[in-house]
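Structure file upload_33.cif (mmCIF, C-alpha atoms and all ligand atoms) is printed below.
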```
data_work
#
loop_
_atom_site.group_PDB
_atom_site.id
_atom_site.type_symbol
_atom_site.label_atom_id
_atom_site.label_comp_id
_atom_site.auth_asym_id
_atom_site.auth_seq_id
_atom_site.Cartn_x
_atom_site.Cartn_y
_atom_site.Cartn_z
ATOM 1 C CA MET G 1 135.895 84.837 127.656
ATOM 2 C CA ASP G 2 132.401 86.364 127.934
ATOM 3 C CA GLN G 3 130.990 88.567 125.188
ATOM 4 C CA HIS G 4 131.785 91.768 127.081
ATOM 5 C CA ALA G 5 135.434 90.847 127.525
ATOM 6 C CA MET G 6 135.631 89.653 123.938
ATOM 7 C CA ASP G 7 134.219 92.996 122.729
ATOM 8 C CA ARG G 8 136.906 94.869 124.684
ATOM 9 C CA TYR G 9 139.596 92.527 123.376
ATOM 10 C CA ILE G 10 138.462 92.979 119.762
ATOM 11 C CA LYS G 11 138.278 96.761 120.039
ATOM 12 C CA SER G 12 141.787 96.959 121.406
ATOM 13 C CA MET G 13 143.112 94.631 118.678
ATOM 14 C CA ILE G 14 141.381 96.715 115.976
ATOM 15 C CA LYS G 15 142.779 99.974 117.371
ATOM 16 C CA GLU G 16 146.276 98.470 117.451
ATOM 17 C CA ALA G 17 145.895 97.279 113.845
ATOM 18 C CA GLY G 18 144.716 100.771 112.879
ATOM 19 C CA HIS G 19 147.792 102.234 114.523
ATOM 20 C CA ARG G 20 149.981 99.914 112.439
ATOM 21 C CA ILE G 21 148.169 100.917 109.250
ATOM 22 C CA ARG G 22 148.574 104.650 109.973
ATOM 23 C CA ASN G 23 152.268 104.042 110.702
ATOM 24 C CA SER G 24 152.637 102.272 107.354
ATOM 25 C CA PHE G 25 152.039 105.646 105.672
ATOM 26 C CA LEU G 26 155.479 106.666 106.945
ATOM 27 C CA SER G 27 157.298 103.984 104.975
ATOM 28 C CA ASP G 28 157.119 102.568 101.446
ATOM 29 C CA ILE G 29 154.064 100.459 100.733
ATOM 30 C CA SER G 30 154.602 97.729 98.143
ATOM 31 C CA VAL G 31 151.649 97.238 95.818
ATOM 32 C CA ASP G 32 150.951 94.014 93.910
ATOM 33 C CA THR G 33 148.055 92.943 91.736
ATOM 34 C CA LYS G 34 145.849 89.879 92.214
ATOM 35 C CA ALA G 35 143.224 88.758 89.679
ATOM 36 C CA HIS G 36 143.695 91.758 87.318
ATOM 37 C CA ALA G 37 145.577 95.047 86.957
ATOM 38 C CA ASN G 38 143.144 97.028 89.145
ATOM 39 C CA ASP G 39 142.798 94.358 91.844
ATOM 40 C CA LEU G 40 145.411 95.629 94.295
ATOM 41 C CA VAL G 41 146.972 94.177 97.426
ATOM 42 C CA THR G 42 149.804 95.551 99.555
ATOM 43 C CA ASN G 43 152.218 94.277 102.148
ATOM 44 C CA VAL G 44 150.052 96.115 104.693
ATOM 45 C CA ASP G 45 146.907 94.099 103.844
ATOM 46 C CA LYS G 46 148.939 90.931 104.406
ATOM 47 C CA GLU G 47 150.692 92.073 107.577
ATOM 48 C CA VAL G 48 147.454 93.261 109.182
ATOM 49 C CA GLU G 49 145.717 89.963 108.412
ATOM 50 C CA LYS G 50 148.651 88.070 109.945
ATOM 51 C CA PHE G 51 148.569 90.334 113.006
ATOM 52 C CA PHE G 52 144.904 89.477 113.695
ATOM 53 C CA ILE G 53 145.389 85.770 113.022
ATOM 54 C CA ARG G 54 148.395 85.555 115.351
ATOM 55 C CA HIS G 55 146.279 86.943 118.213
ATOM 56 C CA ILE G 56 143.138 84.944 117.419
ATOM 57 C CA ARG G 57 145.086 81.661 117.186
ATOM 58 C CA GLU G 58 146.804 82.341 120.503
ATOM 59 C CA ASP G 59 143.792 83.515 122.517
ATOM 60 C CA PHE G 60 140.926 81.605 120.836
ATOM 61 C CA PRO G 61 142.494 78.299 119.742
ATOM 62 C CA GLY G 62 139.170 76.621 118.843
ATOM 63 C CA HIS G 63 138.019 79.426 116.563
ATOM 64 C CA ARG G 64 138.508 79.574 112.785
ATOM 65 C CA VAL G 65 139.390 82.581 110.641
ATOM 66 C CA PHE G 66 138.124 83.388 107.130
ATOM 67 C CA GLY G 67 140.394 86.153 105.847
ATOM 68 C CA GLU G 68 140.672 87.728 102.407
ATOM 69 C CA GLU G 69 144.422 87.318 102.059
ATOM 70 C CA GLY G 70 144.339 83.609 102.773
ATOM 71 C CA TYR G 71 146.400 83.301 105.966
ATOM 72 C CA GLY G 72 143.434 81.903 107.873
ATOM 73 C CA ASP G 73 141.529 78.664 107.451
ATOM 74 C CA THR G 74 139.824 77.129 104.442
ATOM 75 C CA ILE G 75 136.171 77.645 105.227
ATOM 76 C CA GLU G 76 133.579 75.480 103.494
ATOM 77 C CA GLU G 77 130.900 75.504 106.188
ATOM 78 C CA LEU G 78 130.212 77.750 109.160
ATOM 79 C CA SER G 79 130.069 75.455 112.175
ATOM 80 C CA GLY G 80 131.560 76.752 115.415
ATOM 81 C CA ILE G 81 132.993 80.232 115.745
ATOM 82 C CA VAL G 82 134.334 81.842 112.582
ATOM 83 C CA TRP G 83 136.010 85.253 112.449
ATOM 84 C CA MET G 84 135.477 86.815 109.018
ATOM 85 C CA LEU G 85 138.182 89.342 108.438
ATOM 86 C CA ASP G 86 139.008 91.877 105.778
ATOM 87 C CA PRO G 87 142.227 93.534 106.992
ATOM 88 C CA ILE G 88 141.817 96.459 104.575
ATOM 89 C CA ASP G 89 138.510 96.886 102.793
ATOM 90 C CA GLY G 90 138.999 99.445 100.035
ATOM 91 C CA THR G 91 142.611 98.675 99.161
ATOM 92 C CA MET G 92 142.445 100.835 96.038
ATOM 93 C CA ASN G 93 141.465 103.800 98.233
ATOM 94 C CA PHE G 94 144.192 102.886 100.730
ATOM 95 C CA VAL G 95 146.802 102.948 97.934
ATOM 96 C CA HIS G 96 145.569 105.974 95.997
ATOM 97 C CA GLN G 97 143.849 108.121 98.607
ATOM 98 C CA ARG G 98 145.189 107.077 101.996
ATOM 99 C CA ARG G 99 141.594 107.275 103.250
ATOM 100 C CA ASN G 100 138.137 105.762 102.617
ATOM 101 C CA PHE G 101 139.142 102.261 103.687
ATOM 102 C CA ALA G 102 138.316 100.192 106.768
ATOM 103 C CA ILE G 103 139.127 97.112 108.781
ATOM 104 C CA SER G 104 136.103 94.822 108.694
ATOM 105 C CA LEU G 105 135.462 91.983 111.112
ATOM 106 C CA GLY G 106 132.418 89.803 111.709
ATOM 107 C CA ILE G 107 132.155 87.023 114.275
ATOM 108 C CA TYR G 108 129.736 84.209 113.508
ATOM 109 C CA GLU G 109 128.625 81.250 115.588
ATOM 110 C CA ASP G 110 127.176 78.346 113.599
ATOM 111 C CA GLY G 111 126.489 80.774 110.762
ATOM 112 C CA VAL G 112 124.722 83.359 112.918
ATOM 113 C CA GLY G 113 126.236 86.853 113.164
ATOM 114 C CA LYS G 114 127.173 87.706 116.752
ATOM 115 C CA MET G 115 129.501 90.715 116.583
ATOM 116 C CA GLY G 116 130.453 93.147 113.845
ATOM 117 C CA TYR G 117 133.179 95.826 113.642
ATOM 118 C CA ILE G 118 134.028 98.299 110.915
ATOM 119 C CA TYR G 119 136.893 100.635 111.706
ATOM 120 C CA ASP G 120 137.456 103.736 109.579
ATOM 121 C CA VAL G 121 141.150 103.878 110.356
ATOM 122 C CA VAL G 122 142.029 107.388 109.204
ATOM 123 C CA ASN G 123 139.057 109.055 110.901
ATOM 124 C CA ASP G 124 139.414 106.848 113.995
ATOM 125 C CA ASP G 125 135.691 106.029 113.731
ATOM 126 C CA LEU G 126 134.527 102.652 114.989
ATOM 127 C CA TYR G 127 131.153 101.251 113.978
ATOM 128 C CA TYR G 128 130.194 98.080 115.817
ATOM 129 C CA ALA G 129 127.313 95.900 116.870
ATOM 130 C CA VAL G 130 126.594 92.973 119.136
ATOM 131 C CA ALA G 131 123.597 90.873 118.106
ATOM 132 C CA GLY G 132 120.652 91.851 120.292
ATOM 133 C CA GLY G 133 122.670 94.621 121.933
ATOM 134 C CA GLY G 134 122.345 97.355 119.317
ATOM 135 C CA ALA G 135 124.699 99.029 116.878
ATOM 136 C CA TYR G 136 127.004 101.928 117.670
ATOM 137 C CA TYR G 137 128.977 104.663 115.969
ATOM 138 C CA ASN G 138 131.789 105.282 118.473
ATOM 139 C CA ASP G 139 129.808 105.907 121.703
ATOM 140 C CA GLU G 140 126.595 106.835 119.982
ATOM 141 C CA ARG G 141 123.818 104.253 119.732
ATOM 142 C CA LEU G 142 122.459 103.953 116.207
ATOM 143 C CA GLN G 143 118.696 104.280 115.828
ATOM 144 C CA PRO G 144 116.421 101.877 113.951
ATOM 145 C CA LEU G 145 116.121 102.968 110.303
ATOM 146 C CA ILE G 146 113.051 105.058 109.590
ATOM 147 C CA GLU G 147 110.774 104.570 106.597
ATOM 148 C CA THR G 148 111.850 106.202 103.361
ATOM 149 C CA ASP G 149 111.178 106.109 99.639
ATOM 150 C CA ILE G 150 113.419 105.720 96.577
ATOM 151 C CA SER G 151 112.841 109.397 95.729
ATOM 152 C CA GLU G 152 114.380 110.404 99.068
ATOM 153 C CA SER G 153 117.135 107.782 99.133
ATOM 154 C CA ILE G 154 120.860 107.923 98.565
ATOM 155 C CA ILE G 155 122.037 104.689 96.949
ATOM 156 C CA GLY G 156 125.615 103.398 97.220
ATOM 157 C CA MET G 157 126.603 101.583 94.031
ATOM 158 C CA ASN G 158 129.863 101.025 92.186
ATOM 159 C CA ALA G 159 129.884 102.390 88.593
ATOM 160 C CA MET G 160 130.720 98.909 87.234
ATOM 161 C CA TRP G 161 126.960 98.557 86.565
ATOM 162 C CA ALA G 162 127.534 100.768 83.500
ATOM 163 C CA THR G 163 129.903 98.215 81.926
ATOM 164 C CA PRO G 164 128.614 95.113 80.118
ATOM 165 C CA ASN G 165 127.617 92.621 82.822
ATOM 166 C CA ARG G 166 125.320 89.699 83.403
ATOM 167 C CA HIS G 167 123.676 90.987 86.566
ATOM 168 C CA VAL G 168 121.718 94.187 86.012
ATOM 169 C CA GLU G 169 119.560 95.564 83.201
ATOM 170 C CA HIS G 170 121.071 98.894 82.225
ATOM 171 C CA GLU G 171 117.672 100.501 81.584
ATOM 172 C CA ALA G 172 116.477 99.663 85.088
ATOM 173 C CA THR G 173 119.641 101.011 86.700
ATOM 174 C CA ILE G 174 119.475 104.190 84.632
ATOM 175 C CA ARG G 175 115.924 104.628 85.949
ATOM 176 C CA LEU G 176 117.279 104.209 89.488
ATOM 177 C CA VAL G 177 119.849 106.937 88.819
ATOM 178 C CA HIS G 178 116.999 109.206 87.679
ATOM 179 C CA GLU G 179 114.568 108.369 90.449
ATOM 180 C CA ALA G 180 116.804 108.143 93.532
ATOM 181 C CA ARG G 181 117.787 111.321 95.320
ATOM 182 C CA GLY G 182 121.480 110.577 94.739
ATOM 183 C CA MET G 183 124.037 107.886 93.949
ATOM 184 C CA ARG G 184 127.382 107.398 95.719
ATOM 185 C CA SER G 185 130.402 105.127 95.146
ATOM 186 C CA TYR G 186 132.710 105.081 98.143
ATOM 187 C CA GLY G 187 134.804 102.065 97.118
ATOM 188 C CA SER G 188 134.630 100.207 100.426
ATOM 189 C CA ALA G 189 131.760 97.783 100.925
ATOM 190 C CA ALA G 190 132.342 97.719 104.684
ATOM 191 C CA LEU G 191 132.180 101.497 105.010
ATOM 192 C CA GLU G 192 129.093 101.599 102.817
ATOM 193 C CA LEU G 193 127.387 99.102 105.131
ATOM 194 C CA ALA G 194 128.427 101.182 108.138
ATOM 195 C CA TYR G 195 126.923 104.225 106.377
ATOM 196 C CA LEU G 196 123.727 102.279 105.722
ATOM 197 C CA ALA G 197 123.475 101.279 109.390
ATOM 198 C CA SER G 198 124.038 104.875 110.479
ATOM 199 C CA GLY G 199 121.474 106.283 108.005
ATOM 200 C CA ARG G 200 123.998 108.136 105.840
ATOM 201 C CA ILE G 201 122.945 106.163 102.789
ATOM 202 C CA ASP G 202 119.760 104.133 102.345
ATOM 203 C CA ALA G 203 120.994 101.199 100.280
ATOM 204 C CA TYR G 204 124.176 99.573 99.071
ATOM 205 C CA ILE G 205 124.215 97.476 95.905
ATOM 206 C CA SER G 206 127.131 95.454 94.533
ATOM 207 C CA MET G 207 127.439 92.921 91.712
ATOM 208 C CA ARG G 208 130.173 90.996 93.501
ATOM 209 C CA LEU G 209 131.150 90.848 97.163
ATOM 210 C CA SER G 210 132.895 88.250 99.278
ATOM 211 C CA PRO G 211 131.930 87.064 102.772
ATOM 212 C CA TRP G 212 134.632 89.163 104.521
ATOM 213 C CA ASP G 213 133.349 92.314 102.781
ATOM 214 C CA ILE G 214 129.901 92.002 104.333
ATOM 215 C CA ALA G 215 130.245 89.882 107.495
ATOM 216 C CA GLY G 216 130.782 92.735 109.969
ATOM 217 C CA GLY G 217 128.335 95.063 108.258
ATOM 218 C CA LEU G 218 125.556 92.469 108.230
ATOM 219 C CA VAL G 219 125.523 92.226 112.027
ATOM 220 C CA MET G 220 125.299 96.000 112.207
ATOM 221 C CA ALA G 221 122.653 96.264 109.487
ATOM 222 C CA ASN G 222 120.559 93.675 111.261
ATOM 223 C CA GLU G 223 120.597 95.607 114.540
ATOM 224 C CA VAL G 224 119.062 98.705 112.936
ATOM 225 C CA GLY G 225 116.502 96.793 110.867
ATOM 226 C CA ALA G 226 118.185 96.918 107.443
ATOM 227 C CA VAL G 227 117.501 94.015 105.073
ATOM 228 C CA ALA G 228 120.173 92.237 103.018
ATOM 229 C CA SER G 229 120.062 89.610 100.255
ATOM 230 C CA ASN G 230 121.590 88.673 96.939
ATOM 231 C CA PHE G 231 119.973 89.910 93.706
ATOM 232 C CA SER G 232 117.622 86.900 93.725
ATOM 233 C CA GLY G 233 116.345 87.737 97.184
ATOM 234 C CA GLN G 234 118.156 84.875 98.919
ATOM 235 C CA PRO G 235 120.114 85.452 102.153
ATOM 236 C CA ALA G 236 123.537 87.072 101.720
ATOM 237 C CA ASN G 237 126.208 84.485 100.924
ATOM 238 C CA LEU G 238 128.761 83.929 103.715
ATOM 239 C CA LEU G 239 130.741 81.220 101.945
ATOM 240 C CA LYS G 240 131.261 82.532 98.389
ATOM 241 C CA SER G 241 131.275 85.729 96.332
ATOM 242 C CA ASP G 242 127.804 86.782 95.246
ATOM 243 C CA THR G 243 125.644 89.742 94.274
ATOM 244 C CA PHE G 244 124.523 91.847 97.219
ATOM 245 C CA VAL G 245 121.934 94.424 98.143
ATOM 246 C CA ALA G 246 121.397 95.789 101.645
ATOM 247 C CA ALA G 247 118.851 98.511 102.251
ATOM 248 C CA ASN G 248 116.441 100.312 104.481
ATOM 249 C CA PRO G 249 113.600 97.796 104.925
ATOM 250 C CA SER G 250 111.073 100.110 103.251
ATOM 251 C CA ILE G 251 112.944 100.080 99.901
ATOM 252 C CA HIS G 252 114.736 96.706 99.773
ATOM 253 C CA GLY G 253 111.872 94.884 98.033
ATOM 254 C CA LYS G 254 111.286 97.730 95.596
ATOM 255 C CA LEU G 255 114.977 97.865 94.705
ATOM 256 C CA LEU G 256 114.993 94.155 93.877
ATOM 257 C CA GLU G 257 111.709 94.132 91.973
ATOM 258 C CA ASP G 258 111.770 97.404 90.091
ATOM 259 C CA TYR G 259 115.417 98.284 89.617
ATOM 260 C CA ILE G 260 117.786 95.361 89.922
ATOM 261 C CA LYS G 261 115.801 92.819 87.902
ATOM 262 C CA PRO G 262 118.236 89.926 87.879
ATOM 263 C CA LYS G 263 118.945 88.824 84.322
ATOM 264 C CA HIS G 264 119.239 85.192 85.302
ATOM 265 C CA ILE G 265 115.655 84.854 86.558
HETATM 266 P P1 LIG J 301 138.841 95.107 98.818
HETATM 267 O O1 LIG J 301 139.291 96.508 98.726
HETATM 268 O O2 LIG J 301 139.036 94.492 100.164
HETATM 269 O O3 LIG J 301 139.363 94.227 97.731
HETATM 270 C C1 LIG J 301 135.129 98.064 95.992
HETATM 271 O O4 LIG J 301 134.006 98.505 95.280
HETATM 272 C C2 LIG J 301 134.683 97.058 97.019
HETATM 273 O O5 LIG J 301 134.583 95.754 96.429
HETATM 274 C C3 LIG J 301 135.662 96.905 98.148
HETATM 275 O O6 LIG J 301 134.931 96.575 99.292
HETATM 276 C C4 LIG J 301 136.558 95.781 97.648
HETATM 277 O O7 LIG J 301 137.237 95.104 98.694
HETATM 278 C C5 LIG J 301 135.547 94.882 97.003
HETATM 279 N N1 LIG J 301 136.114 94.052 95.962
HETATM 280 C C6 LIG J 301 137.091 94.384 95.098
HETATM 281 N N2 LIG J 301 137.360 93.372 94.252
HETATM 282 C C7 LIG J 301 136.518 92.373 94.574
HETATM 283 C C8 LIG J 301 136.286 91.057 94.067
HETATM 284 N N3 LIG J 301 136.978 90.576 93.039
HETATM 285 N N4 LIG J 301 135.347 90.308 94.659
HETATM 286 C C9 LIG J 301 134.643 90.780 95.697
HETATM 287 N N5 LIG J 301 134.801 92.021 96.214
HETATM 288 C C10 LIG J 301 135.726 92.807 95.665
HETATM 289 CA CA CA J 302 141.038 92.752 97.758
HETATM 290 CA CA CA J 303 136.957 93.774 100.815
HETATM 291 CA CA CA J 304 140.609 93.639 101.502
#
```

Let me see whether you can do it: turn the structure in this file into structure tokens.
Ligand code: 2AM
Ligand code: CA
Ligand code: CA
Ligand code: CA
Amino acid sequence: MDQHAMDRYIKSMIKEAGHRIRNSFLSDISVDTKAHANDLVTNVDKEVEKFFIRHIREDFPGHRVFGEEGYGDTIEELSGIVWMLDPIDGTMNFVHQRRNFAISLGIYEDGVGKMGYIYDVVNDDLYYAVAGGGAYYNDERLQPLIETDISESIIGMNAMWATPNRHVEHEATIRLVHEARGMRSYGSAALELAYLASGRIDAYISMRLSPWDIAGGLVMANEVGAVASNFSGQPANLLKSDTFVAANPSIHGKLLEDYIKPKHI
């Protein structure tokens, strides 16, 4: 299947999955917890992951799938084609708000991002990108990010920074809160990356994200010139959970140096 046909195939699979998720609102959703009381998962997360995997296994038998809910493959290296899938990114929002969540999908070949999709299911908004072919918000082509400054930036960041943690210096983050134009916490890493790529926020910072949270968004971010790394400035981790900062290229370095200040360096 060429890239064009694959793009059409993926979009139709994502729309069908979105349809299933919207339909799930009509029946009871069963909520379980994973690592702790606020780490939620539902039958819908699991069913949507299985839906994608069923299709991928049937139509792309040589490809591997790295999915949050564990129905895919065990991925320890990124050779070949790997689909990185988060069936519902922002499960807490899905459960409590019935909005502000997304399907996130990134397709990588030998570790290089080729295609990225973030679908805001409730708003029926699809953000997507094909490496070298630009990033899009529905039918609108997204423009390269223009230069900005911290004082004119909106920063996406979860409030967990305010709790005791080993990643950020509180004083530096408090300074960021003072000096940035505004802070936002949307609760879906994938949506926040889609917002970064479409210029709605200027940076997204998280103390802990997994490969499926960022895989789709990274392809998109790359197409508009955004820069992503962990808190030490190394490339974003596509095999394990890690710290993460993606930003407009004119503030990424400054965010790392002046505001994030990794404690472990
Ligand atoms: P999820 O809803 O798919 O679990 C919330 O701030 C963001 O962080 C969401 O994108 C959420 O994804 C993700 N997230 C929640 N718990 C996480 C964890 N333990 N490790 C990595 N990412 C997590
Ligand atoms: Ca989860
Ligand atoms: Ca996620
Ligand atoms: Ca998820």

Could you please extract the residues within 8 Å of ligand LIG 301 (chain J), counting all atoms listed in the file, and hand them back as a list in words?
Ala35, Asp39, Leu40, Val41, Glu68, Asp86, Pro87, Ile88, Asp89, Gly90, Thr91, Met92, Asn93, Phe101, Asn158, Ser185, Tyr186, Gly187, Ser188, Ala189, Ala190, Ser206, Arg208, Leu209, Ser210, Asp213, Ser241 and Asp242 of chain G

Using all atoms listed in the file, which residues sit within 6 Å of Tyr119 of chain G once same-chain residues fewer than 6 positions away are excluded, as an NGL selection string?
:G and (102-103 or 125-126)

Nearby residues (only C-alpha atoms) at most 10 Å from segment 237-240 of chain G, same-chain spacing under 5 positions excluded, as a PyMOL selection string
chain G and resi 66+75-78+84+108+111+208-215+229-230

With distances taken over all atoms listed in the file, which residue among G:Leu196, G:Gly18, G:Asp139, G:Ile29 lies nearest His96 of chain G?
G:Ile29

With only C-alpha atoms counted and 10 Å as the cut-off, give the residues of segment 48-128 of chain G in contact with segment 1-5 of chain G, each with its shortest interatomic distance in Å and the pair that gives it, as a Markdown table.
```
| residue | atom | partner | partner_atom | distance |
| --- | --- | --- | --- | --- |
| G:Asp59 | CA | G:Met1 | CA | 9.5 |
| G:Phe60 | CA | G:Met1 | CA | 9.1 |
| G:Lys114 | CA | G:Gln3 | CA | 9.3 |
| G:Met115 | CA | G:Gln3 | CA | 9.0 |
```

Saved selection, atoms kept: C-alpha atoms, as a PDB file, in the frame of the given file:
```pdb
ATOM      1  CA  ASP G  59     143.792  83.515 122.517  1.00  0.00           C
ATOM      2  CA  PHE G  60     140.926  81.605 120.836  1.00  0.00           C
ATOM      3  CA  LYS G 114     127.173  87.706 116.752  1.00  0.00           C
ATOM      4  CA  MET G 115     129.501  90.715 116.583  1.00  0.00           C
TER       5      MET G 115
END
```

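Put simply, atom CA of Gly225 of chain G is 5.9 Å away from atom CA of Pro144 of chain G.
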
Residues picked by the PyMOL selection byres (((chain G and resi 70-73) around 9) and not hetatm) here, as JSON, numbers by chain?
{"G": [46, 49, 50, 53, 64, 65, 66, 67, 68, 69, 74, 75]}

Nearby residues (all atoms listed in the file) at most 9 Å from Asn43 of chain G, same-chain spacing under 4 positions excluded, as a PyMOL selection string
chain G and resi 29-32+47-48

Within 9 Å of segment 159-174 of chain G, which residues of segment 178-254 of chain G show up? Give each one with its shortest atom-to-atom distance in Å (one decimal) and the two atoms involved, counting all atoms listed in the file, rows by chain then rising residue number, as a Markdown table.
```
| residue | atom | partner | partner_atom | distance |
| --- | --- | --- | --- | --- |
| G:His178 | CA | G:Ile174 | CA | 6.4 |
| G:Glu179 | CA | G:Ile174 | CA | 8.7 |
| G:Ser185 | CA | G:Ala159 | CA | 7.1 |
| G:Ser206 | CA | G:Trp161 | CA | 8.6 |
| G:Met207 | CA | G:His167 | CA | 6.7 |
| G:Phe231 | CA | G:His167 | CA | 8.1 |
| G:Thr243 | CA | G:His167 | CA | 8.1 |
```

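Separating atom CA of Ile201 of chain G from atom CA of Ile251 of chain G is a distance of 12.1 Å.
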
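Around Lys11 of chain G, within 9 Å and counting all atoms listed in the file, the residues found are Met6, Asp7, Lys15, Glu16, Tyr117 and Leu126 of chain G, once anything fewer than 4 positions away on its own chain is removed.
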
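The nearest approach to Val245 of chain G among the residues G:Gly156, G:Gly199, G:Met220, G:Asp258, with only C-alpha atoms taken into account, belongs to G:Gly156.
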
Point-to-point distance in Å for atom CA of Val224 of chain G and atom CA of Gly132 of chain G:
10.2 Å

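Closest approach to ligand CA 302 (chain J) from the set G:Phe94, G:Tyr136, G:Phe25, G:Tyr9 is made by G:Phe94, with distances taken over all atoms listed in the file.
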
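For the structure in this document, the set picked by the PyMOL selection byres (((chain G and resi 131) around 7) and not hetatm) is Gly113, Lys114, Met115, Ala129, Val130, Gly132, Gly133, Gly134, Val219 and Glu223 of chain G.
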
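Using only C-alpha atoms, the residues found no farther than 10 Å from Leu176 of chain G, other than those of its own chain fewer than 4 positions away, are Ile150, Ser151, Ile155, His170, Glu171, Ala172, Ala180, Arg181, Gly182, Met183, Leu255, Asp258, Tyr259 and Ile260 of chain G.
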
Please, can segment 20-37 of chain G be completed to N, CA and C atoms and returned as a compact mmCIF listing (two decimals), keeping the file's coordinate frame?
```
# COMPACT_ATOMS: atom_id res chain seq x y z
N ARG G 20 148.98 100.46 113.37
CA ARG G 20 149.98 99.91 112.44
C ARG G 20 149.73 100.41 111.02
N ILE G 21 148.47 100.47 110.62
CA ILE G 21 148.17 100.92 109.25
C ILE G 21 148.55 102.39 109.09
N ARG G 22 148.20 103.22 110.07
CA ARG G 22 148.57 104.65 109.97
C ARG G 22 150.09 104.80 109.94
N ASN G 23 150.79 104.00 110.72
CA ASN G 23 152.27 104.04 110.70
C ASN G 23 152.84 103.64 109.35
N SER G 24 152.13 102.75 108.65
CA SER G 24 152.64 102.27 107.35
C SER G 24 152.74 103.41 106.35
N PHE G 25 151.97 104.49 106.57
CA PHE G 25 152.04 105.65 105.67
C PHE G 25 153.42 106.31 105.72
N LEU G 26 154.17 106.03 106.78
CA LEU G 26 155.48 106.67 106.94
C LEU G 26 156.58 105.93 106.18
N SER G 27 156.26 104.71 105.74
CA SER G 27 157.30 103.98 104.98
C SER G 27 156.73 103.58 103.61
N ASP G 28 157.57 102.96 102.78
CA ASP G 28 157.12 102.57 101.45
C ASP G 28 156.12 101.43 101.55
N ILE G 29 155.05 101.54 100.80
CA ILE G 29 154.06 100.46 100.73
C ILE G 29 154.27 99.76 99.40
N SER G 30 154.40 98.41 99.43
CA SER G 30 154.60 97.73 98.14
C SER G 30 153.27 97.19 97.64
N VAL G 31 152.95 97.55 96.40
CA VAL G 31 151.65 97.24 95.82
C VAL G 31 151.81 96.13 94.77
N ASP G 32 151.00 95.09 94.90
CA ASP G 32 150.95 94.01 93.91
C ASP G 32 149.55 93.94 93.33
N THR G 33 149.40 93.17 92.26
CA THR G 33 148.06 92.94 91.74
C THR G 33 147.67 91.48 91.96
N LYS G 34 146.35 91.24 92.01
CA LYS G 34 145.85 89.88 92.21
C LYS G 34 145.22 89.38 90.91
N ALA G 35 143.88 89.35 90.85
CA ALA G 35 143.22 88.76 89.68
C ALA G 35 143.39 89.57 88.39
N HIS G 36 143.53 90.91 88.50
CA HIS G 36 143.70 91.76 87.32
C HIS G 36 144.41 93.04 87.73
N ALA G 37 144.70 93.88 86.73
CA ALA G 37 145.58 95.05 86.96
C ALA G 37 145.04 96.03 88.00
```
